[in-house]
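Asks: Please see the structure below; I have some questions.
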Amino acid sequence: MDLRASISLLVLLLGLSEALPLMADGDENHIFLEERDNVDLTTQILATNNASSEFLIEGDLVVPKTRNAMTCWNNNCLWKKSANGKVEVPYIVSPDFSSYDVMTIQNALATFSSKTCVQFVPRSTQGDYLSIENRDGCYSDLGRTGGKQVVSLYRPGCVYSGIIQHEFLHALGFHHEQNRSDRDQYVIINWENIDSQMVYNFQKQSTNNLNTPYDYSSVMHYGSTAFSTNGRETITPIPNPNVQIGQRQGMSTTDILRIKKLYGC
């Protein structure tokens with residue numbers, strides 16, 4: 001039995017059905033095992049970005065170079081709608097990614113196309129486009145910035161469907177849920193459990209909430225211990241502190257509704 005087959009058998013025996021494929025195209029020297037069920041998406045993102053050289057706001061948003069604030073609710077930073085009613089967002093994928101990675105990315109993006117008018121399409125000659133690259137973390141700009149725009153999906157820490165959707169929602173113009181303007185009605189931020197140098201990540205933003213309810217189940221919501229210095233909660237839902245936040249699957253029904261509202265689907 002060759003090495004690839006042996007490892008595949010080991011994965012089956014251990015029940016790691018959601019681990020990334022081991023030894024995918026050209027990965028013979030890199031083995032990465034992770035049980036995703038134990039980690040919510042934002043915990044995975046923040047852990048992966050811990051060693052990133054990029055200065056990030058809210059954990060995975062690139063600091064804007066052409067805007068005065070972290071806002072994106074106007075035509076200048078939204079992707080353009082075509083005459084056919086579709087919002088086509090061109091993208092390219094770095095050759096650093098394996099064929100399985102590319103399939104995972106394409107499947108994650110297919111949800112946008114099947115449920116909204118936003119269509120992620122392979123770039124041909126479009127001037128504004130997303131470049132999916134294997135940089136040192138999971139991060140994106142907020143909304144359309146113009147020209148080549150990097151979405152970083154570090155291998156293997158970021159190439160999960162939910163994380164991919166999370167970063168592409170940023171690229172469409174969406175903040176994290178717990179940073180929305182009315183969040184104090186729905187969560188308590190436990191400042192005493194947050195490093196003083198990290199509190200800026202919890203700053204409320206001037207968001208357009210699109211007349212949609214606060215969504216604890218959003219793929220854009222941090223987990224309860226994000227940026228914690230002591231393992232205690234940094235975010236506590238109210239009035240019910242037992243509400244689950246920080247999910248693992250992907251876009252919620254409300255996430256999809258907001259895309260439709262923002263882009264006039």
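Just so we're on the same page: first chain in the structure tokens is A, next is B, and so on; residues restart at 1 for each chain, and ligands are numbered from 1 in the order they show up.
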Step one, run DSSP on the backbone; step two, keep only residues of stretch 33-178 of chain A assigned to strand (DSSP E); then write them as a list in words.
Replies: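 Output for stretch 33-178 of chain A, strand (DSSP E) only: Leu56, Ile57, Leu61, Val62, Val87, Glu88, Val89, Pro90, Tyr91, Ile92, Val93, Val118, Gln119, Phe120, Val121, Pro122, Tyr129, Leu130, Ser131, Ile132, Glu133, Cys138, Tyr139, Lys148, Gln149, Val150, Val151, Ser152 and Leu153 of chain A.
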Asks: Would you mind exporting C-alpha atoms of the selected residues as an mmCIF file, in the first residue's frame?
Replies:
```cif
data_model
loop_
_atom_site.group_PDB
_atom_site.id
_atom_site.type_symbol
_atom_site.label_atom_id
_atom_site.label_comp_id
_atom_site.auth_asym_id
_atom_site.auth_seq_id
_atom_site.Cartn_x
_atom_site.Cartn_y
_atom_site.Cartn_z
ATOM 1 C CA LEU A 56 -5.844 43.745 9.589
ATOM 2 C CA ILE A 57 -8.945 45.301 11.120
ATOM 3 C CA LEU A 61 -10.126 43.017 6.796
ATOM 4 C CA VAL A 62 -7.339 44.791 4.939
ATOM 5 C CA VAL A 87 -23.737 41.107 -10.742
ATOM 6 C CA GLU A 88 -20.680 39.482 -12.278
ATOM 7 C CA VAL A 89 -17.558 39.423 -10.100
ATOM 8 C CA PRO A 90 -14.527 38.225 -12.088
ATOM 9 C CA TYR A 91 -11.843 36.200 -10.331
ATOM 10 C CA ILE A 92 -8.623 34.330 -10.960
ATOM 11 C CA VAL A 93 -7.087 31.555 -8.857
ATOM 12 C CA VAL A 118 -24.126 37.676 -7.675
ATOM 13 C CA GLN A 119 -22.138 35.475 -10.030
ATOM 14 C CA PHE A 120 -18.431 34.821 -9.517
ATOM 15 C CA VAL A 121 -17.045 34.269 -13.010
ATOM 16 C CA PRO A 122 -13.548 33.465 -14.338
ATOM 17 C CA TYR A 129 -11.323 41.472 -10.400
ATOM 18 C CA LEU A 130 -10.524 39.292 -7.394
ATOM 19 C CA SER A 131 -7.226 37.456 -7.274
ATOM 20 C CA ILE A 132 -7.447 34.434 -4.972
ATOM 21 C CA GLU A 133 -3.951 33.915 -3.594
ATOM 22 C CA CYS A 138 -7.485 34.513 5.463
ATOM 23 C CA TYR A 139 -8.343 38.106 4.560
ATOM 24 C CA LYS A 148 -6.638 43.673 -8.992
ATOM 25 C CA GLN A 149 -7.983 42.889 -5.527
ATOM 26 C CA VAL A 150 -6.484 40.094 -3.441
ATOM 27 C CA VAL A 151 -8.506 37.607 -1.434
ATOM 28 C CA SER A 152 -6.009 35.625 0.605
ATOM 29 C CA LEU A 153 -6.815 31.980 1.355
#
```
Asks: Stretch 42-52 of chain A: which residues within 7 Å, counting only C-alpha atoms, same-chain residues fewer than 2 positions away excluded, as a VMD selection string?
Replies: chain A and resid 39 to 40 54 59 136 to 138 157 to 158 222 to 223 226 246
Asks: Any idea what's packed within 6 Å of stretch 96-109 of chain A, counting only C-alpha atoms, ignoring anything in its chain fewer than 2 positions away? Could you give it as an NGL selection string?
Replies: :A and (25 or 94 or 111-112 or 161)
Asks: Counting only C-alpha atoms, which residues of stretch 146-180 of chain A fall within 12 Å of stretch 235-242 of chain A, and what is the closest atom pair for each with its distance in Å at one decimal, ordered by chain and rising number, as a tab-separated table?
Replies:
```
residue	atom	partner	partner_atom	distance
A:Glu177	CA	A:Ile235	CA	11.5
A:Gln178	CA	A:Ile235	CA	8.4
A:Asn179	CA	A:Ile235	CA	11.1
```
Asks: Using the chain letters and numbers from this document, which residues of stretch 20-261 of chain A does DSSP assign to alpha helix (DSSP H), as a PyMOL selection string?
Replies: chain A and resi 41-49+99-115+161-172+253-261
